[in-house]
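A.B. asks: Here you go, one structure.
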Amino acid sequence: MMLSDVMEDYLKAIYQLQRGREDRIRTSEIAEELDVTSPTVTSMVEKLEERGLVDREKYNGVMLTEEGETVALEVIRHHRLLEAYLAEHLDYDWAEVHEEADRLEHHISENFEARLADALGDPEVDPHGSPIPSADLEPPLTPTGEAVSAFEEGDCVVVEEVADDDPEVLSYLADHGVEPGVELEIVEVAPFGMVTARPDDADDAVSLPDRIAEQVRVAAAVEPDC
């Protein structure tokens, strides 16, 4: 099935919005995710429905069909493998790889994908900690982490995943040592929407405004060093 890049982008966006949810995805959510108008989304969703890639209920939203999910997972696998390759082998900063992978993800062959995975040692996550779908396109497990803002002062947590779509946020986090696998001590949770955390082995704490804290997914440390 030949699909346009835009169609694949819509399927990927719907998949990411569906993750961990059981309700349907509304047109307004897709419009916000892709920064397009609601009428544009409605038109594209109708085309995807005609191809059997989404199940649409008028006024109630959409969900991916099994075929639509398979397409979305393949695009996501391409994207995240490309991010990993760009970061590990071409010395791209993790703040740069998302946009580059967005441009390339629609245009690589399955042979190239397999070679990427082999060159990387078949990784399970990309540089931002996001799970990479397996070669057989089984959906990855829904991450168990929560936003760092959900924890309390004194808690010790481990960074699992960081949203990859804002280069400025990624640069800020990297400059302060907040990356997947790093342990954080929650120093302060301010009532006005600011979390202060100290990465392990760092002398200084980092301030995470609400907008940034919501994009850092963490889990409680099993053997905390905090």
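Labels for the structure tokens follow display order: chains A, B, ..., residues from 1 in each chain, ligands from 1.
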Going by DSSP on the backbone, which residues of region 83-195 of chain A come out as alpha helix (DSSP H)? List them as a VMD selection string.
C.D. replies: chain A and resid 83 to 89 97 to 104 110 to 120 167 to 175
A.B. asks: Take the selection from the previous step and output its residues with C-alpha atoms, as a PDB file, in the first residue's frame.
C.D. replies:
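And here's again24.pdb as it stands now:
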ATOM      1  CA  GLU A  83      17.656   8.876  15.657  1.00  0.00           C
ATOM      2  CA  ALA A  84      19.879   6.287  17.318  1.00  0.00           C
ATOM      3  CA  TYR A  85      22.144   5.989  14.273  1.00  0.00           C
ATOM      4  CA  LEU A  86      22.480   9.744  13.860  1.00  0.00           C
ATOM      5  CA  ALA A  87      23.388  10.158  17.520  1.00  0.00           C
ATOM      6  CA  GLU A  88      25.731   7.178  17.866  1.00  0.00           C
ATOM      7  CA  HIS A  89      27.493   7.088  14.501  1.00  0.00           C
ATOM      8  CA  VAL A  97      18.072  14.026  15.556  1.00  0.00           C
ATOM      9  CA  HIS A  98      14.262  14.343  15.710  1.00  0.00           C
ATOM     10  CA  GLU A  99      13.847  16.717  12.780  1.00  0.00           C
ATOM     11  CA  GLU A 100      16.448  14.874  10.697  1.00  0.00           C
ATOM     12  CA  ALA A 101      14.741  11.536  11.333  1.00  0.00           C
ATOM     13  CA  ASP A 102      11.364  13.092  10.474  1.00  0.00           C
ATOM     14  CA  ARG A 103      12.700  13.881   7.006  1.00  0.00           C
ATOM     15  CA  LEU A 104      14.192  10.428   6.444  1.00  0.00           C
ATOM     16  CA  GLU A 110      13.282  -2.490   4.741  1.00  0.00           C
ATOM     17  CA  ASN A 111      16.785  -3.666   3.843  1.00  0.00           C
ATOM     18  CA  PHE A 112      18.230  -0.358   5.034  1.00  0.00           C
ATOM     19  CA  GLU A 113      16.160  -0.571   8.219  1.00  0.00           C
ATOM     20  CA  ALA A 114      17.531  -4.068   8.925  1.00  0.00           C
ATOM     21  CA  ARG A 115      21.105  -2.855   8.368  1.00  0.00           C
ATOM     22  CA  LEU A 116      20.528   0.095  10.692  1.00  0.00           C
ATOM     23  CA  ALA A 117      19.268  -2.203  13.427  1.00  0.00           C
ATOM     24  CA  ASP A 118      22.210  -4.561  12.943  1.00  0.00           C
ATOM     25  CA  ALA A 119      24.767  -1.735  13.015  1.00  0.00           C
ATOM     26  CA  LEU A 120      23.234  -0.479  16.276  1.00  0.00           C
ATOM     27  CA  PRO A 167      15.194  21.031  20.562  1.00  0.00           C
ATOM     28  CA  GLU A 168      15.456  23.903  23.068  1.00  0.00           C
ATOM     29  CA  VAL A 169      14.102  21.719  25.879  1.00  0.00           C
ATOM     30  CA  LEU A 170      16.449  18.875  24.938  1.00  0.00           C
ATOM     31  CA  SER A 171      19.460  21.198  24.868  1.00  0.00           C
ATOM     32  CA  TYR A 172      18.513  22.622  28.257  1.00  0.00           C
ATOM     33  CA  LEU A 173      18.145  19.151  29.789  1.00  0.00           C
ATOM     34  CA  ALA A 174      21.393  17.876  28.272  1.00  0.00           C
ATOM     35  CA  ASP A 175      23.289  20.935  29.542  1.00  0.00           C
TER      36      ASP A 175
END
A.B. asks: Apply DSSP to the structure's backbone, then extract all residues of region 27-216 of chain A labelled strand (DSSP E or B) and return them as a short mmCIF file (atom, residue, chain, number, x, y, z; two decimals) with N, CA, C and O atoms, in the first residue's frame.
C.D. replies:
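Result written to selection39.cif:
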data_model
loop_
_atom_site.label_atom_id
_atom_site.label_comp_id
_atom_site.auth_asym_id
_atom_site.auth_seq_id
_atom_site.Cartn_x
_atom_site.Cartn_y
_atom_site.Cartn_z
N VAL A 54 -8.02 3.72 9.69
CA VAL A 54 -8.59 4.21 10.94
C VAL A 54 -10.07 3.84 11.00
O VAL A 54 -10.72 3.63 9.98
N ASP A 55 -10.56 3.75 12.20
CA ASP A 55 -11.98 3.53 12.44
C ASP A 55 -12.53 4.84 13.00
O ASP A 55 -12.07 5.30 14.05
N ARG A 56 -13.46 5.45 12.30
CA ARG A 56 -13.95 6.78 12.68
C ARG A 56 -15.41 6.72 13.09
O ARG A 56 -16.23 6.09 12.43
N GLU A 57 -15.71 7.34 14.20
CA GLU A 57 -17.08 7.55 14.63
C GLU A 57 -17.33 9.05 14.64
O GLU A 57 -16.68 9.78 15.39
N GLY A 61 -14.58 10.70 17.48
CA GLY A 61 -13.15 10.50 17.32
C GLY A 61 -12.77 9.27 16.52
O GLY A 61 -13.61 8.58 15.95
N VAL A 62 -11.46 9.00 16.49
CA VAL A 62 -10.92 7.91 15.68
C VAL A 62 -10.01 7.03 16.50
O VAL A 62 -9.53 7.41 17.57
N MET A 63 -9.77 5.84 15.96
CA MET A 63 -8.75 4.96 16.50
C MET A 63 -8.15 4.20 15.32
O MET A 63 -8.78 4.05 14.27
N LEU A 64 -6.92 3.77 15.47
CA LEU A 64 -6.27 3.03 14.39
C LEU A 64 -6.86 1.63 14.25
O LEU A 64 -7.19 0.98 15.25
N VAL A 125 15.69 1.12 22.80
CA VAL A 125 15.22 2.50 22.96
C VAL A 125 16.07 3.43 22.10
O VAL A 125 17.20 3.10 21.74
N PRO A 131 10.78 3.71 23.45
CA PRO A 131 10.94 2.33 23.00
C PRO A 131 10.86 2.21 21.48
O PRO A 131 10.03 2.85 20.84
N GLU A 146 6.23 8.21 35.09
CA GLU A 146 5.34 9.35 35.23
C GLU A 146 6.15 10.63 35.04
O GLU A 146 7.37 10.62 35.09
N ALA A 147 5.44 11.74 34.82
CA ALA A 147 6.12 13.02 34.73
C ALA A 147 6.85 13.29 36.04
O ALA A 147 6.35 12.95 37.12
N CYS A 156 13.68 9.90 45.06
CA CYS A 156 14.80 9.62 44.17
C CYS A 156 14.24 8.85 42.96
O CYS A 156 13.61 7.81 43.13
N VAL A 157 14.45 9.38 41.78
CA VAL A 157 13.85 8.81 40.58
C VAL A 157 14.92 8.62 39.51
O VAL A 157 16.00 9.17 39.58
N VAL A 158 14.56 7.81 38.50
CA VAL A 158 15.45 7.57 37.36
C VAL A 158 14.74 8.04 36.09
O VAL A 158 13.57 7.69 35.87
N VAL A 159 15.43 8.81 35.28
CA VAL A 159 14.85 9.29 34.02
C VAL A 159 14.70 8.12 33.05
O VAL A 159 15.67 7.40 32.78
N GLU A 160 13.48 7.92 32.54
CA GLU A 160 13.23 6.85 31.58
C GLU A 160 13.11 7.37 30.16
O GLU A 160 13.58 6.74 29.21
N GLU A 161 12.43 8.49 29.98
CA GLU A 161 12.15 8.97 28.63
C GLU A 161 11.95 10.48 28.65
O GLU A 161 11.42 11.03 29.61
N VAL A 162 12.39 11.11 27.58
CA VAL A 162 12.23 12.56 27.44
C VAL A 162 11.57 12.83 26.08
O VAL A 162 12.00 12.26 25.07
N GLU A 183 19.91 9.38 37.52
CA GLU A 183 19.13 9.42 38.75
C GLU A 183 18.98 10.86 39.21
O GLU A 183 19.94 11.64 39.16
N LEU A 184 17.77 11.22 39.64
CA LEU A 184 17.50 12.58 40.11
C LEU A 184 16.97 12.55 41.53
O LEU A 184 16.14 11.71 41.87
N GLU A 185 17.42 13.48 42.33
CA GLU A 185 16.82 13.71 43.64
C GLU A 185 15.89 14.92 43.53
O GLU A 185 16.30 15.98 43.06
N ILE A 186 14.62 14.74 43.90
CA ILE A 186 13.68 15.85 43.87
C ILE A 186 13.95 16.74 45.07
O ILE A 186 13.71 16.34 46.21
N VAL A 187 14.47 17.92 44.81
CA VAL A 187 14.89 18.82 45.88
C VAL A 187 13.73 19.68 46.35
O VAL A 187 13.52 19.89 47.55
N GLU A 188 12.95 20.18 45.40
CA GLU A 188 11.84 21.07 45.76
C GLU A 188 10.74 20.99 44.72
O GLU A 188 11.02 20.89 43.51
N VAL A 189 9.49 21.00 45.18
CA VAL A 189 8.33 21.09 44.30
C VAL A 189 7.58 22.35 44.69
O VAL A 189 6.91 22.40 45.72
N ALA A 190 7.73 23.40 43.89
CA ALA A 190 7.13 24.69 44.22
C ALA A 190 5.65 24.70 43.86
O ALA A 190 5.23 24.05 42.89
N MET A 194 7.04 24.61 39.48
CA MET A 194 8.47 24.47 39.25
C MET A 194 9.01 23.32 40.09
O MET A 194 8.75 23.24 41.29
N VAL A 195 9.72 22.40 39.44
CA VAL A 195 10.36 21.29 40.13
C VAL A 195 11.87 21.52 40.08
O VAL A 195 12.42 21.82 39.02
N THR A 196 12.51 21.40 41.23
CA THR A 196 13.97 21.50 41.28
C THR A 196 14.53 20.12 41.60
O THR A 196 14.09 19.47 42.55
N ALA A 197 15.46 19.66 40.77
CA ALA A 197 16.01 18.30 40.93
C ALA A 197 17.52 18.36 40.77
O ALA A 197 18.07 19.21 40.06
N ARG A 198 18.20 17.42 41.46
CA ARG A 198 19.66 17.35 41.37
C ARG A 198 20.05 16.01 40.73
O ARG A 198 19.80 14.95 41.30
N PRO A 199 20.68 16.04 39.54
CA PRO A 199 21.17 14.80 38.94
C PRO A 199 22.27 14.19 39.79
O PRO A 199 23.02 14.91 40.46
N VAL A 206 18.89 21.53 39.09
CA VAL A 206 18.35 22.14 37.88
C VAL A 206 16.88 22.47 38.10
O VAL A 206 16.14 21.67 38.70
N SER A 207 16.46 23.63 37.64
CA SER A 207 15.07 24.05 37.75
C SER A 207 14.30 23.59 36.51
O SER A 207 14.74 23.82 35.38
N LEU A 208 13.18 22.92 36.73
CA LEU A 208 12.36 22.39 35.64
C LEU A 208 10.98 23.02 35.70
O LEU A 208 10.12 22.60 36.48
N PRO A 209 10.72 24.06 34.90
CA PRO A 209 9.38 24.62 34.85
C PRO A 209 8.38 23.55 34.42
O PRO A 209 8.74 22.56 33.78
N VAL A 216 9.50 15.08 31.01
CA VAL A 216 10.52 14.18 31.54
C VAL A 216 9.82 13.07 32.31
O VAL A 216 9.22 13.29 33.36
#
A.B. asks: Could you jot down the CA of Cys226 (chain A) to CA of Asp203 (chain A) separation for me, Å, one decimal place?
C.D. replies: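 Going from CA of Cys226 (chain A) over to CA of Asp203 (chain A), I get 12.5 Å.
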A.B. asks: Extract, using only C-alpha atoms, all DNA, RNA and protein residues at most 10 Å from Ala163 (chain A), discarding same-chain residues fewer than 6 positions from it, and format them as a list of chain:residue names.
C.D. replies: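 Here the qualifying residues turn out to be A:His128, A:Gly129, A:Ser130, A:Val169, A:Leu170, A:Ile212, A:Glu214, A:Gln215, A:Val216, A:Arg217.
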A.B. asks: Between region 32-55 of chain A and region 4-12 of chain A, at 9 Å or less, what are the per-residue closest atom pairs and their distances in Å? Count only C-alpha atoms, order by chain and rising residue number, and return it as a tab-separated table.
C.D. replies:
residue	atom	partner	partner_atom	distance
A:Leu34	CA	A:Tyr10	CA	7.8
A:Val41	CA	A:Tyr10	CA	8.6
A:Met44	CA	A:Met7	CA	7.5
A:Val45	CA	A:Tyr10	CA	8.3
A:Lys47	CA	A:Met7	CA	8.7
A:Leu48	CA	A:Met7	CA	7.4
A:Leu53	CA	A:Leu11	CA	8.0
A:Val54	CA	A:Leu11	CA	8.3
A.B. asks: Using only C-alpha atoms, which residue out of A:Glu66, A:Ala219, A:Asp210, A:Leu81 lies closest to Gly121 (chain A)?
C.D. replies: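 Among A:Glu66, A:Ala219, A:Asp210, A:Leu81, it is A:Leu81 that comes nearest to Gly121 (chain A).
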A.B. asks: So how far away is CA of Glu67 (chain A) from CA of Thr37 (chain A), in Å?
C.D. replies: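 Distance reported for this atom pair: 25.5 Å.
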A.B. asks: Would you pick out the contacts of Ala31 (chain A) at 10 Å or less, using only C-alpha atoms, so that residues sharing its chain but fewer than 3 positions from it are not included, and give the list as a ChimeraX atom specification?
C.D. replies: /A:10,13,26-28,34-42
A.B. asks: Limited to all heavy atoms, could you put the picked residues into a file as an mmCIF file, in the first residue's frame?
C.D. replies:
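The file below, part.cif, is the result:
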data_model
loop_
_atom_site.group_PDB
_atom_site.id
_atom_site.type_symbol
_atom_site.label_atom_id
_atom_site.label_comp_id
_atom_site.auth_asym_id
_atom_site.auth_seq_id
_atom_site.Cartn_x
_atom_site.Cartn_y
_atom_site.Cartn_z
ATOM 1 N N TYR A 10 0.142 11.278 9.972
ATOM 2 C CA TYR A 10 -1.121 11.233 10.708
ATOM 3 C C TYR A 10 -1.253 9.937 11.500
ATOM 4 O O TYR A 10 -1.649 9.945 12.670
ATOM 5 C CB TYR A 10 -2.310 11.363 9.747
ATOM 6 C CG TYR A 10 -2.754 12.783 9.525
ATOM 7 C CD1 TYR A 10 -2.040 13.633 8.685
ATOM 8 C CD2 TYR A 10 -3.894 13.293 10.145
ATOM 9 C CE1 TYR A 10 -2.432 14.945 8.474
ATOM 10 C CE2 TYR A 10 -4.295 14.606 9.940
ATOM 11 C CZ TYR A 10 -3.566 15.426 9.108
ATOM 12 O OH TYR A 10 -3.971 16.727 8.914
ATOM 13 N N ALA A 13 1.002 10.084 14.477
ATOM 14 C CA ALA A 13 0.482 10.994 15.501
ATOM 15 C C ALA A 13 -0.674 10.356 16.265
ATOM 16 O O ALA A 13 -0.752 10.456 17.498
ATOM 17 C CB ALA A 13 0.026 12.299 14.850
ATOM 18 N N ARG A 26 -9.721 12.583 19.452
ATOM 19 C CA ARG A 26 -10.556 13.605 18.829
ATOM 20 C C ARG A 26 -9.781 14.392 17.778
ATOM 21 O O ARG A 26 -8.553 14.527 17.845
ATOM 22 C CB ARG A 26 -11.124 14.548 19.886
ATOM 23 C CG ARG A 26 -12.053 13.831 20.870
ATOM 24 C CD ARG A 26 -12.799 14.808 21.763
ATOM 25 N NE ARG A 26 -13.753 14.103 22.607
ATOM 26 C CZ ARG A 26 -14.968 13.730 22.228
ATOM 27 N NH1 ARG A 26 -15.382 14.012 20.990
ATOM 28 N NH2 ARG A 26 -15.775 13.097 23.045
ATOM 29 N N THR A 27 -10.526 14.932 16.834
ATOM 30 C CA THR A 27 -9.933 15.715 15.749
ATOM 31 C C THR A 27 -9.095 16.858 16.289
ATOM 32 O O THR A 27 -7.993 17.137 15.785
ATOM 33 C CB THR A 27 -11.052 16.271 14.846
ATOM 34 O OG1 THR A 27 -11.791 15.188 14.280
ATOM 35 C CG2 THR A 27 -10.476 17.119 13.725
ATOM 36 N N SER A 28 -9.585 17.518 17.324
ATOM 37 C CA SER A 28 -8.866 18.666 17.888
ATOM 38 C C SER A 28 -7.499 18.254 18.446
ATOM 39 O O SER A 28 -6.535 19.025 18.374
ATOM 40 C CB SER A 28 -9.704 19.326 18.985
ATOM 41 O OG SER A 28 -10.015 18.388 20.013
ATOM 42 N N LEU A 34 -0.300 17.993 15.278
ATOM 43 C CA LEU A 34 0.340 18.211 13.982
ATOM 44 C C LEU A 34 0.370 19.679 13.562
ATOM 45 O O LEU A 34 0.875 19.998 12.482
ATOM 46 C CB LEU A 34 -0.380 17.378 12.910
ATOM 47 C CG LEU A 34 -0.266 15.862 13.072
ATOM 48 C CD1 LEU A 34 -1.140 15.155 12.053
ATOM 49 C CD2 LEU A 34 1.184 15.408 12.928
ATOM 50 N N ASP A 35 -0.203 20.538 14.397
ATOM 51 C CA ASP A 35 -0.232 21.974 14.113
ATOM 52 C C ASP A 35 -0.916 22.271 12.778
ATOM 53 O O ASP A 35 -0.394 22.987 11.918
ATOM 54 C CB ASP A 35 1.184 22.552 14.116
ATOM 55 C CG ASP A 35 1.194 24.076 14.179
ATOM 56 O OD1 ASP A 35 0.187 24.649 14.645
ATOM 57 O OD2 ASP A 35 2.191 24.685 13.763
ATOM 58 N N VAL A 36 -2.113 21.699 12.614
ATOM 59 C CA VAL A 36 -2.942 21.949 11.433
ATOM 60 C C VAL A 36 -4.351 22.280 11.907
ATOM 61 O O VAL A 36 -4.653 22.204 13.102
ATOM 62 C CB VAL A 36 -2.971 20.723 10.485
ATOM 63 C CG1 VAL A 36 -1.579 20.439 9.932
ATOM 64 C CG2 VAL A 36 -3.502 19.490 11.212
ATOM 65 N N THR A 37 -5.226 22.636 10.984
ATOM 66 C CA THR A 37 -6.592 22.986 11.350
ATOM 67 C C THR A 37 -7.457 21.736 11.480
ATOM 68 O O THR A 37 -7.168 20.696 10.867
ATOM 69 C CB THR A 37 -7.221 23.913 10.309
ATOM 70 O OG1 THR A 37 -7.351 23.200 9.059
ATOM 71 C CG2 THR A 37 -6.368 25.160 10.102
ATOM 72 N N SER A 38 -8.539 21.854 12.237
ATOM 73 C CA SER A 38 -9.462 20.720 12.400
ATOM 74 C C SER A 38 -10.092 20.286 11.076
ATOM 75 O O SER A 38 -10.216 19.075 10.822
ATOM 76 C CB SER A 38 -10.548 21.073 13.424
ATOM 77 O OG SER A 38 -9.990 21.124 14.721
ATOM 78 N N PRO A 39 -10.502 21.219 10.185
ATOM 79 C CA PRO A 39 -11.035 20.778 8.885
ATOM 80 C C PRO A 39 -10.011 19.980 8.072
ATOM 81 O O PRO A 39 -10.376 19.023 7.376
ATOM 82 C CB PRO A 39 -11.391 22.103 8.191
ATOM 83 C CG PRO A 39 -11.676 23.043 9.307
ATOM 84 C CD PRO A 39 -10.697 22.673 10.385
ATOM 85 N N THR A 40 -8.727 20.357 8.179
ATOM 86 C CA THR A 40 -7.681 19.604 7.479
ATOM 87 C C THR A 40 -7.597 18.187 8.020
ATOM 88 O O THR A 40 -7.456 17.212 7.259
ATOM 89 C CB THR A 40 -6.318 20.314 7.634
ATOM 90 O OG1 THR A 40 -6.386 21.609 7.053
ATOM 91 C CG2 THR A 40 -5.210 19.525 6.959
ATOM 92 N N VAL A 41 -7.690 18.044 9.334
ATOM 93 C CA VAL A 41 -7.654 16.720 9.961
ATOM 94 C C VAL A 41 -8.853 15.895 9.508
ATOM 95 O O VAL A 41 -8.719 14.721 9.151
ATOM 96 C CB VAL A 41 -7.643 16.837 11.499
ATOM 97 C CG1 VAL A 41 -7.800 15.460 12.136
ATOM 98 C CG2 VAL A 41 -6.363 17.493 11.973
ATOM 99 N N THR A 42 -10.032 16.500 9.505
ATOM 100 C CA THR A 42 -11.248 15.779 9.107
ATOM 101 C C THR A 42 -11.107 15.234 7.697
ATOM 102 O O THR A 42 -11.452 14.074 7.420
ATOM 103 C CB THR A 42 -12.468 16.712 9.189
ATOM 104 O OG1 THR A 42 -12.632 17.143 10.542
ATOM 105 C CG2 THR A 42 -13.736 15.980 8.739
#
A.B. asks: Closest to Pro180 (chain A) among A:Pro139, A:Pro133, A:Gly52, A:Gly145, using only C-alpha atoms?
C.D. replies: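 Counting only C-alpha atoms, the residue closest to Pro180 (chain A) is A:Gly145.
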A.B. asks: Which neighbours of Ile132 (chain A) fall inside 9 Å, counting only C-alpha atoms, when residues of the same chain fewer than 4 positions from it are skipped, and could you give them as a list in words?
C.D. replies: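 Everything that qualifies: Leu73, Ile76, Arg77, His78, His79, Arg80, Leu81, Pro123, Glu124, Val125, Asp126, Pro139 and Pro140 of chain A.
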A.B. asks: Could you jot down the CA of Ala95 (chain A) to CA of Glu152 (chain A) separation for me, Å, one decimal place?
C.D. replies: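 Pair CA of Ala95 (chain A) / CA of Glu152 (chain A) returns 28.2 Å.
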